[in-house]
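The next block is run_15.txt, given as compact mmCIF, C-alpha atoms and all ligand atoms.
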# COMPACT_ATOMS: atom_id res chain seq x y z
CA MET A 634 45.36 18.71 -14.33
CA ASP A 635 46.09 22.46 -14.42
CA ALA A 636 48.68 24.03 -12.10
CA GLU A 637 46.10 26.29 -10.45
CA GLY A 638 42.74 25.00 -9.28
CA LEU A 639 39.38 26.43 -10.30
CA SER A 640 37.15 28.46 -8.02
CA ALA A 641 34.25 26.49 -6.58
CA ASP A 642 31.86 28.61 -8.70
CA GLU A 643 33.69 27.81 -11.93
CA LEU A 644 34.03 24.18 -11.00
CA PHE A 645 30.37 23.64 -10.19
CA CYS A 646 29.21 25.63 -13.16
CA PHE A 647 31.20 23.17 -15.31
CA LEU A 648 30.02 20.10 -13.38
CA LYS A 649 26.36 21.18 -13.60
CA ALA A 650 26.70 21.64 -17.35
CA LYS A 651 28.11 18.11 -17.64
CA ARG A 652 25.33 16.73 -15.46
CA ASN A 653 22.78 18.46 -17.70
CA GLU A 654 24.14 16.46 -20.62
CA ASP A 655 23.01 13.29 -18.81
CA ARG A 656 19.53 11.97 -19.42
CA SER A 657 16.96 12.27 -16.65
CA TYR A 658 14.93 9.17 -15.79
CA SER A 659 11.72 10.89 -16.95
CA HIS A 660 11.75 9.22 -20.38
CA ILE A 661 13.99 6.22 -19.65
CA LEU A 662 12.08 2.95 -19.95
CA SER A 663 15.11 0.68 -20.38
CA SER A 664 16.85 0.86 -17.02
CA MET A 665 16.78 -1.39 -13.99
CA CYS A 666 18.01 1.54 -11.90
CA THR A 667 15.82 4.42 -10.80
CA THR A 668 15.81 7.71 -8.94
CA PRO A 669 16.80 6.78 -5.39
CA HIS A 670 14.23 7.27 -2.66
CA PRO A 671 14.79 10.60 -0.80
CA VAL A 672 15.58 8.76 2.46
CA ALA A 673 18.25 6.77 0.59
CA VAL A 674 19.90 9.99 -0.57
CA GLN A 675 19.78 11.47 2.94
CA ALA A 676 21.22 8.32 4.51
CA HIS A 677 23.90 8.06 1.80
CA ASN A 678 25.06 11.61 2.52
CA LEU A 679 25.14 10.94 6.27
CA PHE A 680 27.42 7.90 5.80
CA MET A 681 29.44 9.32 2.90
CA GLU A 682 32.92 8.63 4.32
CA THR A 683 32.27 5.27 5.92
CA ASN A 684 34.26 2.24 4.79
CA LEU A 685 33.02 -1.27 5.52
CA GLY A 686 36.39 -2.61 4.39
CA ASP A 687 37.60 -1.76 7.91
CA PRO A 688 34.39 -2.32 9.89
CA GLY A 689 35.95 -1.94 13.34
CA LEU A 690 36.33 1.77 12.60
CA PHE A 691 32.66 2.06 11.68
CA PRO A 692 30.78 -0.23 14.08
CA GLY A 693 27.54 1.72 13.64
CA THR A 694 27.61 1.26 9.88
CA ALA A 695 28.58 -2.41 10.28
CA GLN A 696 25.49 -2.88 12.47
CA LEU A 697 23.31 -1.52 9.67
CA GLU A 698 24.81 -4.11 7.33
CA ASP A 699 23.98 -6.82 9.89
CA HIS A 700 20.41 -5.53 10.24
CA LEU A 701 19.96 -5.57 6.47
CA ILE A 702 21.17 -9.16 6.28
CA ARG A 703 18.80 -10.18 9.11
CA TRP A 704 15.86 -8.54 7.32
CA PHE A 705 16.64 -10.46 4.14
CA ALA A 706 17.07 -13.70 6.08
CA ASP A 707 13.55 -13.12 7.41
CA LEU A 708 12.11 -12.03 4.07
CA TYR A 709 13.65 -15.08 2.37
CA GLN A 710 12.28 -17.40 5.10
CA GLU A 711 15.48 -18.74 6.64
CA PRO A 712 16.23 -16.87 9.87
CA SER A 713 19.62 -18.57 10.22
CA ALA A 714 20.79 -17.49 6.75
CA GLY A 715 23.92 -15.36 6.47
CA GLY A 716 25.03 -12.81 3.93
CA CYS A 717 27.02 -9.74 3.09
CA THR A 718 26.70 -6.62 1.01
CA THR A 719 28.42 -6.23 -2.36
CA SER A 720 28.60 -3.61 -5.09
CA GLY A 721 25.78 -5.25 -7.08
CA GLY A 722 24.68 -8.31 -9.01
CA THR A 723 27.95 -8.84 -10.86
CA GLU A 724 30.06 -8.94 -7.70
CA SER A 725 27.53 -11.19 -5.94
CA ASN A 726 27.62 -13.66 -8.83
CA ILE A 727 31.44 -13.61 -8.85
CA GLN A 728 31.50 -14.34 -5.11
CA VAL A 729 29.16 -17.31 -5.59
CA LEU A 730 31.41 -18.80 -8.24
CA ARG A 731 34.45 -18.22 -6.03
CA PHE A 732 33.03 -20.19 -3.10
CA CYS A 733 31.47 -22.89 -5.32
CA LYS A 734 34.79 -23.47 -7.07
CA LYS A 735 36.70 -23.58 -3.78
CA THR A 736 34.19 -25.92 -2.16
CA LYS A 737 34.06 -28.38 -5.06
CA GLN A 738 37.84 -28.62 -5.52
CA VAL A 739 37.86 -30.27 -8.95
CA LYS A 740 40.30 -29.77 -11.80
CA ASN A 741 37.98 -28.54 -14.54
CA PRO A 742 34.94 -27.05 -12.80
CA ASN A 743 31.82 -26.09 -14.69
CA ILE A 744 28.60 -24.27 -13.88
CA ILE A 745 25.23 -24.45 -15.58
CA VAL A 746 23.35 -21.24 -16.35
CA PRO A 747 20.08 -20.76 -18.22
CA ALA A 748 20.25 -19.22 -21.69
CA SER A 749 18.54 -16.22 -20.08
CA ALA A 750 21.34 -15.59 -17.53
CA HIS A 751 22.88 -12.16 -17.13
CA PHE A 752 26.22 -11.61 -18.88
CA SER A 753 27.96 -11.24 -15.50
CA PHE A 754 28.29 -15.06 -15.41
CA GLU A 755 30.34 -14.96 -18.59
CA LYS A 756 32.66 -12.46 -16.90
CA ALA A 757 32.85 -14.53 -13.71
CA CYS A 758 33.60 -17.77 -15.58
CA GLY A 759 36.26 -16.03 -17.67
CA MET A 760 37.96 -14.64 -14.57
CA MET A 761 37.95 -17.96 -12.76
CA ASP A 762 38.57 -20.33 -15.61
CA VAL A 763 35.29 -22.11 -15.06
CA GLU A 764 33.40 -23.65 -17.97
CA MET A 765 29.95 -22.14 -18.51
CA ARG A 766 27.36 -24.64 -19.74
CA VAL A 767 24.19 -23.07 -21.07
CA ALA A 768 20.88 -24.83 -20.36
CA PRO A 769 18.02 -24.23 -22.77
CA ILE A 770 14.89 -22.26 -21.87
CA ASP A 771 11.29 -23.05 -22.83
CA ASP A 772 8.83 -20.92 -24.82
CA GLN A 773 8.13 -18.96 -21.62
CA TYR A 774 11.86 -18.15 -21.33
CA ARG A 775 12.27 -20.39 -18.25
CA MET A 776 15.13 -22.82 -17.62
CA ILE A 777 14.25 -26.45 -18.44
CA PRO A 778 15.09 -28.69 -15.43
CA ASP A 779 15.41 -31.97 -17.41
CA ALA A 780 17.80 -30.43 -19.92
CA THR A 781 19.71 -28.85 -17.01
CA GLY A 782 20.09 -32.28 -15.40
CA GLU A 783 21.63 -33.64 -18.59
CA LEU A 784 24.42 -31.07 -18.40
CA ILE A 785 25.48 -31.99 -14.85
CA ASP A 786 28.61 -34.08 -14.34
CA LYS A 787 31.06 -34.66 -11.48
CA ASN A 788 32.76 -31.33 -12.19
CA THR A 789 29.58 -29.24 -11.89
CA CYS A 790 29.99 -26.89 -8.94
CA CYS A 791 26.94 -24.66 -9.35
CA ILE A 792 23.55 -24.44 -11.02
CA VAL A 793 22.38 -20.89 -11.57
CA SER A 794 18.71 -19.95 -11.86
CA VAL A 795 17.14 -16.53 -12.23
CA ALA A 796 14.23 -14.95 -10.35
CA GLY A 797 13.17 -12.07 -12.59
CA THR A 798 15.26 -12.34 -15.74
CA THR A 799 16.91 -9.21 -17.09
CA GLU A 800 15.31 -9.45 -20.51
CA TYR A 801 11.85 -11.04 -20.04
CA GLY A 802 11.16 -10.73 -16.29
CA MET A 803 10.62 -14.47 -15.86
CA THR A 804 11.37 -16.75 -12.90
CA ASP A 805 12.86 -20.18 -13.47
CA PRO A 806 11.13 -23.29 -12.01
CA ILE A 807 13.19 -23.05 -8.83
CA PRO A 808 11.49 -25.88 -6.83
CA ALA A 809 12.31 -28.37 -9.62
CA LEU A 810 15.85 -27.03 -9.92
CA GLY A 811 16.24 -27.21 -6.12
CA LYS A 812 15.24 -30.85 -6.21
CA LEU A 813 17.75 -31.53 -8.95
CA ALA A 814 20.50 -29.69 -7.05
CA GLU A 815 19.81 -31.72 -3.90
CA GLN A 816 19.77 -35.01 -5.80
CA GLU A 817 23.06 -34.21 -7.50
CA GLY A 818 24.69 -32.55 -4.49
CA VAL A 819 25.30 -29.31 -6.39
CA HIS A 820 24.94 -25.74 -5.09
CA LEU A 821 21.91 -23.85 -6.48
CA HIS A 822 22.27 -20.08 -6.77
CA VAL A 823 19.25 -17.87 -7.43
CA ASP A 824 20.10 -14.63 -9.22
CA ALA A 825 17.34 -12.39 -7.87
CA ALA A 826 19.23 -9.16 -8.56
CA PHE A 827 15.99 -7.68 -9.86
CA GLY A 828 13.22 -9.99 -8.62
CA GLY A 829 14.51 -10.28 -5.06
CA TYR A 830 12.85 -6.97 -4.13
CA VAL A 831 9.71 -7.70 -6.15
CA LEU A 832 8.58 -11.32 -5.72
CA PRO A 833 8.34 -11.25 -1.87
CA PHE A 834 5.74 -8.48 -2.20
CA ILE A 835 3.51 -10.13 -4.82
CA ASP A 836 0.73 -12.52 -3.79
CA HIS A 837 1.09 -15.97 -5.37
CA ALA A 838 4.49 -15.16 -6.86
CA PRO A 839 6.60 -18.10 -8.04
CA PRO A 840 8.71 -19.51 -5.18
CA PHE A 841 12.39 -18.56 -5.28
CA ASP A 842 13.70 -18.18 -1.71
CA PHE A 843 15.17 -20.38 1.06
CA SER A 844 11.73 -21.93 1.67
CA VAL A 845 12.53 -23.92 -1.49
CA PRO A 846 14.68 -26.94 -0.55
CA GLY A 847 18.00 -26.94 -2.37
CA VAL A 848 18.40 -23.17 -2.76
CA GLY A 849 21.89 -22.38 -1.45
CA SER A 850 22.28 -18.67 -2.18
CA ILE A 851 20.31 -15.68 -3.42
CA SER A 852 21.60 -12.37 -4.76
CA VAL A 853 19.49 -9.19 -4.69
CA ASP A 854 20.30 -5.58 -5.54
CA PRO A 855 19.12 -2.57 -3.52
CA HIS A 856 20.26 -0.30 -6.41
CA LYS A 857 17.56 -1.81 -8.63
CA MET A 858 14.05 -2.24 -7.15
CA GLY A 859 15.35 -1.39 -3.65
CA MET A 860 15.37 2.31 -4.69
CA SER A 861 18.76 2.70 -3.06
CA THR A 862 21.92 4.44 -4.22
CA ILE A 863 24.54 2.88 -6.51
CA PRO A 864 26.54 0.67 -5.79
CA SER A 865 24.54 -1.77 -3.74
CA GLY A 866 24.13 -5.54 -3.79
CA ILE A 867 23.40 -8.24 -1.23
CA LEU A 868 24.45 -11.88 -1.31
CA MET A 869 22.48 -14.17 1.00
CA VAL A 870 23.63 -17.72 1.75
CA ARG A 871 21.71 -20.50 3.50
CA ASP A 872 24.84 -21.64 5.31
CA GLU A 873 27.31 -18.94 6.25
CA ARG A 874 30.17 -21.44 6.36
CA VAL A 875 30.53 -21.25 2.57
CA PHE A 876 32.24 -17.90 3.11
CA CYS A 877 34.99 -19.56 5.19
CA ASN A 878 36.60 -20.74 1.96
CA LEU A 879 37.04 -17.14 0.89
CA LEU A 880 38.69 -15.81 4.05
CA VAL A 881 42.00 -14.02 3.71
CA GLU A 882 44.16 -12.64 6.55
CA THR A 883 43.91 -8.88 7.00
CA PRO A 884 46.38 -8.44 9.88
CA TYR A 885 46.59 -4.65 9.95
CA LEU A 886 42.83 -3.98 9.81
CA THR A 887 40.40 -3.83 12.73
CA THR A 888 39.10 -7.26 11.72
CA LYS A 889 41.75 -9.90 11.10
CA GLN A 890 40.07 -11.79 8.26
CA ALA A 891 37.83 -10.81 5.34
CA TYR A 892 35.89 -12.70 2.67
CA SER A 893 34.58 -9.77 0.65
CA LEU A 894 35.89 -9.36 -2.89
CA THR A 895 36.51 -5.63 -2.70
CA GLY A 896 38.66 -4.09 0.03
CA THR A 897 37.41 -0.58 0.63
CA ARG A 898 33.60 -0.85 0.50
CA PRO A 899 30.99 1.90 0.72
CA GLY A 900 28.96 2.08 3.91
CA ALA A 901 26.90 4.90 2.39
CA SER A 902 24.91 2.76 -0.02
CA VAL A 903 24.41 0.14 2.70
CA ALA A 904 22.94 2.81 4.99
CA ALA A 905 20.80 3.94 2.06
CA ALA A 906 19.47 0.41 1.45
CA TYR A 907 18.73 0.11 5.17
CA ALA A 908 16.96 3.49 5.17
CA VAL A 909 14.55 2.59 2.36
CA MET A 910 13.46 -0.66 4.01
CA ALA A 911 13.20 0.88 7.48
CA TYR A 912 11.19 3.81 6.12
CA LEU A 913 8.82 1.91 3.83
CA GLY A 914 8.45 -1.26 5.87
CA ARG A 915 6.76 -4.30 4.32
CA THR A 916 3.57 -2.31 3.72
CA GLY A 917 5.37 0.45 1.83
CA MET A 918 7.45 -2.03 -0.21
CA LYS A 919 4.30 -3.92 -1.12
CA ALA A 920 2.60 -0.69 -2.23
CA LEU A 921 5.62 0.22 -4.36
CA VAL A 922 5.76 -3.18 -6.03
CA THR A 923 1.97 -3.33 -6.49
CA GLY A 924 2.11 0.03 -8.28
CA CYS A 925 4.93 -1.12 -10.61
CA MET A 926 3.06 -4.35 -11.42
CA GLU A 927 -0.18 -2.45 -12.12
CA ASN A 928 1.69 -0.12 -14.45
CA THR A 929 3.27 -3.13 -16.20
CA ARG A 930 -0.18 -4.64 -16.77
CA ARG A 931 -1.57 -1.32 -18.02
CA LEU A 932 1.35 -0.95 -20.45
CA ILE A 933 0.82 -4.46 -21.80
CA GLU A 934 -2.92 -3.87 -22.19
CA GLY A 935 -2.29 -0.51 -23.89
CA MET A 936 0.27 -1.90 -26.35
CA GLU A 937 -1.94 -4.85 -27.19
CA ALA A 938 -4.82 -2.45 -27.89
CA PHE A 939 -2.57 -0.96 -30.61
CA GLY A 940 -1.98 -4.46 -31.99
CA VAL A 941 1.48 -4.98 -30.48
CA PRO A 942 1.37 -8.32 -28.64
CA ARG A 943 3.28 -9.15 -25.47
CA LYS A 944 6.00 -11.79 -25.77
CA VAL A 945 5.15 -13.26 -22.40
CA THR A 946 3.26 -12.42 -19.19
CA PRO A 947 6.12 -11.50 -16.85
CA ASP A 948 6.56 -12.48 -13.19
CA VAL A 949 8.06 -9.07 -12.42
CA ASN A 950 7.76 -5.54 -13.82
CA VAL A 951 9.54 -6.09 -17.15
CA ALA A 952 7.28 -5.99 -20.23
CA THR A 953 8.30 -7.31 -23.65
CA PHE A 954 6.63 -7.00 -27.02
CA ASP A 955 7.08 -7.81 -30.69
CA HIS A 956 9.73 -5.56 -32.19
CA VAL A 957 8.38 -2.05 -32.89
CA SER A 958 10.07 1.37 -32.90
CA VAL A 959 9.11 3.99 -30.35
CA PRO A 960 9.09 7.78 -30.82
CA SER A 961 11.80 9.95 -29.26
CA PRO A 962 12.62 11.04 -26.61
CA TRP A 963 11.53 7.68 -25.13
CA THR A 964 14.42 5.30 -24.47
CA VAL A 965 13.58 1.62 -24.60
CA SER A 966 15.75 -1.44 -25.10
CA TYR A 967 15.58 -4.53 -27.26
CA THR A 968 16.40 -8.06 -26.16
CA ARG A 969 18.96 -10.36 -27.81
CA LYS A 970 16.07 -11.65 -29.93
CA GLY A 971 15.12 -8.12 -30.95
CA ASP A 972 11.97 -7.84 -28.82
CA LEU A 973 10.94 -4.47 -27.39
CA ARG A 974 11.66 -4.39 -23.64
CA ILE A 975 10.33 -1.87 -21.12
CA VAL A 976 11.14 -1.94 -17.39
CA CYS A 977 8.38 -0.37 -15.30
CA MET A 978 10.62 1.00 -12.54
CA PRO A 979 9.20 3.29 -9.82
CA HIS A 980 10.00 6.37 -11.96
CA VAL A 981 7.77 4.90 -14.68
CA THR A 982 4.57 6.06 -13.00
CA ARG A 983 1.03 5.62 -14.29
CA ASP A 984 1.25 9.12 -15.85
CA VAL A 985 4.50 8.18 -17.59
CA VAL A 986 2.93 4.98 -18.96
CA GLU A 987 -0.12 6.90 -20.25
CA SER A 988 2.04 9.56 -21.83
CA PHE A 989 4.24 6.91 -23.49
CA LEU A 990 1.13 5.11 -24.81
CA THR A 991 -0.27 8.36 -26.21
CA ASP A 992 3.01 9.20 -27.98
CA PHE A 993 3.38 5.64 -29.22
CA GLY A 994 -0.20 5.53 -30.51
CA GLU A 995 0.33 8.76 -32.46
CA SER A 996 3.51 7.51 -34.12
CA TYR A 997 2.60 3.87 -34.68
CA VAL A 998 1.34 2.72 -38.02
CA SER A 999 0.44 -0.97 -37.83
N1 LIG B 1 21.74 -10.31 -12.55
C1 LIG B 1 20.63 -9.86 -13.16
C2 LIG B 1 19.42 -10.74 -13.25
C3 LIG B 1 20.62 -8.55 -13.68
O1 LIG B 1 19.52 -8.11 -14.30
C4 LIG B 1 21.79 -7.75 -13.57
C5 LIG B 1 21.84 -6.37 -14.17
C6 LIG B 1 22.91 -8.29 -12.91
C7 LIG B 1 22.85 -9.58 -12.42
C8 LIG B 1 24.17 -7.50 -12.74
O2 LIG B 1 23.95 -6.47 -11.83
P1 LIG B 1 24.93 -5.22 -11.74
O3 LIG B 1 24.78 -4.47 -13.02
O4 LIG B 1 24.42 -4.49 -10.54
O5 LIG B 1 26.30 -5.73 -11.53
N2 LIG B 1 20.77 -5.99 -14.95
C9 LIG B 1 20.75 -4.76 -15.75
C10 LIG B 1 21.33 -5.05 -17.14
O6 LIG B 1 22.48 -5.42 -17.28
C11 LIG B 1 21.50 -3.62 -15.13
C12 LIG B 1 21.21 -2.31 -15.73
C13 LIG B 1 20.81 -1.27 -14.94
C14 LIG B 1 21.37 -2.03 -17.08
C15 LIG B 1 20.59 -0.01 -15.47
C16 LIG B 1 21.13 -0.79 -17.63
C17 LIG B 1 20.73 0.21 -16.83
O7 LIG B 1 20.49 1.48 -17.36
O8 LIG B 1 20.59 -4.89 -18.09
As structure tokens, the full file:
Amino acid sequence: MDAEGLSADELFCFLKAKRNEDRSYSHILSSMCTTPHPVAVQAHNLFMETNLGDPGLFPGTAQLEDHLIRWFADLYQEPSAGGCTTSGGTESNIQVLRFCKKTKQVKNPNIIVPASAHFSFEKACGMMDVEMRVAPIDDQYRMIPDATGELIDKNTCCIVSVAGTTEYGMTDPIPALGKLAEQEGVHLHVDAAFGGYVLPFIDHAPPFDFSVPGVGSISVDPHKMGMSTIPSGILMVRDERVFCNLLVETPYLTTKQAYSLTGTRPGASVAAAYAVMAYLGRTGMKALVTGCMENTRRLIEGMEAFGVPRKVTPDVNVATFDHVSVPSPWTVSYTRKGDLRIVCMPHVTRDVVESFLTDFGESYVS
């Protein structure tokens, strides 16, 4: 840091130049984040200084968090469900492991995750000294319930399933996994970080929520398909009492106990997540998701017309194909297996898909 500060003009000239070095979402086809909805930005700015780590100081913001949790309890078909906001999918998954480990109280706990699970579980298990057992997936990239059952023993404290996998956009057979979890008396967590904002708005989508017996918790991220600002996650639990195991005393705060992982927590992104849902309503969310799914189908159809086959027909707006290169400036990603992966986020509009297909068609030699 220099002794004398810059003028605001100098400072913002520099900051704008740095920001211009960042990529804009216009040609990004690899991200699960997107340009936040304008109402999310406005709400975020309005709540900029709020801290849900000391909710008694910000009762208005805390009420928005409660509203958001009630909406998700409704959306996930269990009005008595509880929940809390987090910084995103990683923190939600860590919190699940924390309460599962505390509840089970065994010496060498393990969890079972599908081979398709997000890498956040590896982090969580490493932090908490929990063994991570990996269940195989089938040719549709979905967790195999029988093989999952074989991995369960008396030290298993959680089965993880995914609704909308990061790489292939698939949803695990959650009813069968719920049955297994109930039979074995093990907690079933559904990682719906991506699919939790998509599946409820698709007709005949695979079941994943609390209407499925055995589902104990669901994580979902407003900063992905919720078009909210970063950082924003939500962890829903069927029975709020699981959080009791995580309570610590916070004697000098306005509330005397807390179970959240982080201390100081943004109210701004919670207000932003609230704003998007309040503004769009179910009808607007359905229109958004319908558009993303239509664009996903159009992309798949367009790529197949060039002779590039899909790997799978996804449950959510993530399209995957045999490995091919794409022309710049398009940014795509490739899965662990090397398959081309494109996420049709809201910024990937029909025009963007058509323009990508045109550029791809011109560069592609089969
Ligand atoms: N669970 C699932 C199913 C996810 O897809 C992700 C992230 C997480 C958990 C973790 O969420 P947080 O990153 O919010 O902690 N999925 C994307 C991924 O890792 C996130 C992402 C977003 C990556 C934008 C790149 C990017 O540009 O691929």
Open item on the list: Just to confirm, what's the straight-line distance from CA of Ile661 (chain A) to CA of Leu644 (chain A) in Å (one decimal)?
Closed with: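 Computing the Euclidean distance for CA of Ile661 (chain A) and CA of Leu644 (chain A) yields 28.3 Å.
Residue nearest Met776 (chain A) within the list A:Glu755, A:Ile745, A:Thr964, A:Asp762: A:Ile745 [criterion: smallest interatomic distance, all atoms listed in the file].
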Task: Contact residues around region 813-820 of chain A with all atoms listed in the file at 8 Å, ignoring same-chain residues under 4 positions, as number ranges by chain - done: A: 733, 778, 782, 789-792, 809, 846-849
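Note that the spacing between atom O4 of ligand LIG 1 (chain B) and CA of Asp854 (chain A) amounts to 6.6 Å.
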Open item on the list: One number please: CA of Gly940 (chain A) to CA of Val976 (chain A), in Å, one decimal.
Closed with: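 Atom-to-atom, CA of Gly940 (chain A) and CA of Val976 (chain A) are spaced 19.8 Å apart.
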Task: Pick from A:Cys717, A:Val853, A:Leu701, A:Ala952 nearest to Ala911 (chain A), counting only C-alpha atoms - done: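 Of the candidates, the smallest distance to Ala911 (chain A) is held by A:Leu701.
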Residues within 10 Å of Met665 (chain A), please, as a short mmCIF file (atom, residue, chain, number, x, y, z; two decimals) with C-alpha atoms, keeping the file's coordinate frame. Count all atoms listed in the file; anything in the same chain fewer than 6 positions from it doesn't count.
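Generated output (around_23.cif):
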data_model
loop_
_atom_site.label_atom_id
_atom_site.label_comp_id
_atom_site.auth_asym_id
_atom_site.auth_seq_id
_atom_site.Cartn_x
_atom_site.Cartn_y
_atom_site.Cartn_z
CA THR A 799 16.91 -9.21 -17.09
CA ALA A 826 19.23 -9.16 -8.56
CA PHE A 827 15.99 -7.68 -9.86
CA HIS A 856 20.26 -0.30 -6.41
CA LYS A 857 17.56 -1.81 -8.63
CA MET A 858 14.05 -2.24 -7.15
CA ASN A 950 7.76 -5.54 -13.82
CA VAL A 951 9.54 -6.09 -17.15
CA ILE A 975 10.33 -1.87 -21.12
CA VAL A 976 11.14 -1.94 -17.39
CA CYS A 977 8.38 -0.37 -15.30
CA MET A 978 10.62 1.00 -12.54
CA PRO A 979 9.20 3.29 -9.82
#
Kindly provide the residues of chain A that approach ligand LIG 1 (chain B) to within 7 Å, each paired with its closest atom pair and their distance in Å to one decimal, based on all atoms listed in the file, listed by chain and increasing number, as a Markdown table.
| residue | atom | partner | partner_atom | distance |
| --- | --- | --- | --- | --- |
| A:Ser663 | CA | B:LIG1 | O7 | 6.2 |
| A:Ser664 | CA | B:LIG1 | O7 | 3.7 |
| A:Met665 | CA | B:LIG1 | C13 | 4.1 |
| A:Cys666 | CA | B:LIG1 | C15 | 4.7 |
| A:Ser720 | CA | B:LIG1 | O4 | 6.9 |
| A:Gly721 | CA | B:LIG1 | O4 | 3.8 |
| A:Gly722 | CA | B:LIG1 | O2 | 3.4 |
| A:Thr723 | CA | B:LIG1 | O5 | 3.6 |
| A:Glu724 | CA | B:LIG1 | O5 | 6.3 |
| A:Ala750 | CA | B:LIG1 | C2 | 6.7 |
| A:His751 | CA | B:LIG1 | N1 | 5.1 |
| A:Ser753 | CA | B:LIG1 | C8 | 6.0 |
| A:Val795 | CA | B:LIG1 | C2 | 6.3 |
| A:Gly797 | CA | B:LIG1 | C2 | 6.4 |
| A:Thr798 | CA | B:LIG1 | C2 | 5.1 |
| A:Thr799 | CA | B:LIG1 | O1 | 4.0 |
| A:Asp824 | CA | B:LIG1 | C2 | 5.6 |
| A:Ala825 | CA | B:LIG1 | C2 | 6.0 |
| A:Ala826 | CA | B:LIG1 | N1 | 4.9 |
| A:Phe827 | CA | B:LIG1 | O1 | 5.7 |
| A:Asp854 | CA | B:LIG1 | O4 | 6.6 |
| A:Gly866 | CA | B:LIG1 | O4 | 6.8 |
Mind checking which residues fall within 9 Å of Ile727 (chain A), counting all atoms listed in the file, ignoring those fewer than 6 positions away in the same chain, and posting them as a short mmCIF file (atom, residue, chain, number, x, y, z; two decimals) with C-alpha atoms, keeping the file's coordinate frame?
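This went into selection_32.cif:
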data_model
loop_
_atom_site.label_atom_id
_atom_site.label_comp_id
_atom_site.auth_asym_id
_atom_site.auth_seq_id
_atom_site.Cartn_x
_atom_site.Cartn_y
_atom_site.Cartn_z
CA SER A 753 27.96 -11.24 -15.50
CA PHE A 754 28.29 -15.06 -15.41
CA LYS A 756 32.66 -12.46 -16.90
CA ALA A 757 32.85 -14.53 -13.71
CA CYS A 758 33.60 -17.77 -15.58
CA MET A 760 37.96 -14.64 -14.57
CA MET A 761 37.95 -17.96 -12.76
CA LEU A 894 35.89 -9.36 -2.89
#
TODO: Name all residues at most 7 Å from Thr683 (chain A) (count all atoms listed in the file; drop same-chain ones fewer than 4 positions away) and give them as a VMD selection string.
DONE: chain A and resid 691 899 to 901
Given the selection you just returned, output its residues as a file containing C-alpha atoms, formatted as an mmCIF file, in the frame of the given file.
data_model
loop_
_atom_site.group_PDB
_atom_site.id
_atom_site.type_symbol
_atom_site.label_atom_id
_atom_site.label_comp_id
_atom_site.auth_asym_id
_atom_site.auth_seq_id
_atom_site.Cartn_x
_atom_site.Cartn_y
_atom_site.Cartn_z
ATOM 1 C CA PHE A 691 32.660 2.060 11.680
ATOM 2 C CA PRO A 899 30.990 1.900 0.720
ATOM 3 C CA GLY A 900 28.960 2.080 3.910
ATOM 4 C CA ALA A 901 26.900 4.900 2.390
#
Task: Closest of A:Tyr709, A:Phe647, A:Tyr801, A:Phe732 to Arg943 (chain A) - atom-to-atom distances counting all atoms listed in the file - done: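 Once distances to Arg943 (chain A) are computed over all atoms listed in the file, the minimum belongs to A:Tyr801.
The smallest atom-to-atom distance between Ser850 (chain A) and any of A:Ala908, A:Ala920, A:Val903, A:Val729, using all atoms listed in the file, is found for A:Val729.
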TODO: Please provide as a ChimeraX atom specification all residues within 9 Å of His660 (chain A), with the sequence filter that same-chain residues fewer than 6 positions apart are discarded (counting all atoms listed in the file).
DONE: /A:961-965,981,985,989
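Counting only C-alpha atoms and comparing A:Thr888, A:Ser852, A:Thr991, A:Thr718, the residue that lies closest to Ser902 (chain A) is A:Thr718.
Considering the residues A:Gly994, A:Pro833, A:Pro840, A:Pro942 and counting only C-alpha atoms, Arg915 (chain A) has its shortest atom-to-atom contact with A:Pro833.
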Could you give me the centre and size, in Å to one decimal, of an axis-aligned box around all listed atoms of region 753-761 of chain A with 4 Å added on every side, as lines of an AutoDock Vina configuration file?
center_x = 33.0
center_y = -14.6
center_z = -15.7
size_x = 18.0
size_y = 14.7
size_z = 13.8
Write out N, CA and C atoms for region 659-666 of chain A, as a PDB file, keeping the file's coordinate frame.
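Once written, rebuild_8.pdb looks like this:
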ATOM      1  N   SER A 659      13.125  10.647 -16.590  1.00  0.00           N
ATOM      2  CA  SER A 659      11.720  10.890 -16.950  1.00  0.00           C
ATOM      3  C   SER A 659      11.257  10.131 -18.196  1.00  0.00           C
ATOM      4  N   HIS A 660      12.156   9.927 -19.167  1.00  0.00           N
ATOM      5  CA  HIS A 660      11.750   9.220 -20.380  1.00  0.00           C
ATOM      6  C   HIS A 660      12.535   7.927 -20.598  1.00  0.00           C
ATOM      7  N   ILE A 661      13.194   7.445 -19.528  1.00  0.00           N
ATOM      8  CA  ILE A 661      13.990   6.220 -19.650  1.00  0.00           C
ATOM      9  C   ILE A 661      13.136   5.016 -19.236  1.00  0.00           C
ATOM     10  N   LEU A 662      12.913   4.136 -20.202  1.00  0.00           N
ATOM     11  CA  LEU A 662      12.080   2.950 -19.950  1.00  0.00           C
ATOM     12  C   LEU A 662      12.922   1.673 -20.074  1.00  0.00           C
ATOM     13  N   SER A 663      14.229   1.818 -20.095  1.00  0.00           N
ATOM     14  CA  SER A 663      15.110   0.680 -20.380  1.00  0.00           C
ATOM     15  C   SER A 663      15.954   0.279 -19.189  1.00  0.00           C
ATOM     16  N   SER A 664      15.886   1.045 -18.106  1.00  0.00           N
ATOM     17  CA  SER A 664      16.850   0.860 -17.020  1.00  0.00           C
ATOM     18  C   SER A 664      16.283   0.044 -15.870  1.00  0.00           C
ATOM     19  N   MET A 665      17.178  -0.686 -15.211  1.00  0.00           N
ATOM     20  CA  MET A 665      16.780  -1.390 -13.990  1.00  0.00           C
ATOM     21  C   MET A 665      17.178  -0.571 -12.756  1.00  0.00           C
ATOM     22  N   CYS A 666      17.740   0.622 -13.006  1.00  0.00           N
ATOM     23  CA  CYS A 666      18.010   1.540 -11.900  1.00  0.00           C
ATOM     24  C   CYS A 666      16.934   2.622 -11.933  1.00  0.00           C
TER      25      CYS A 666
END
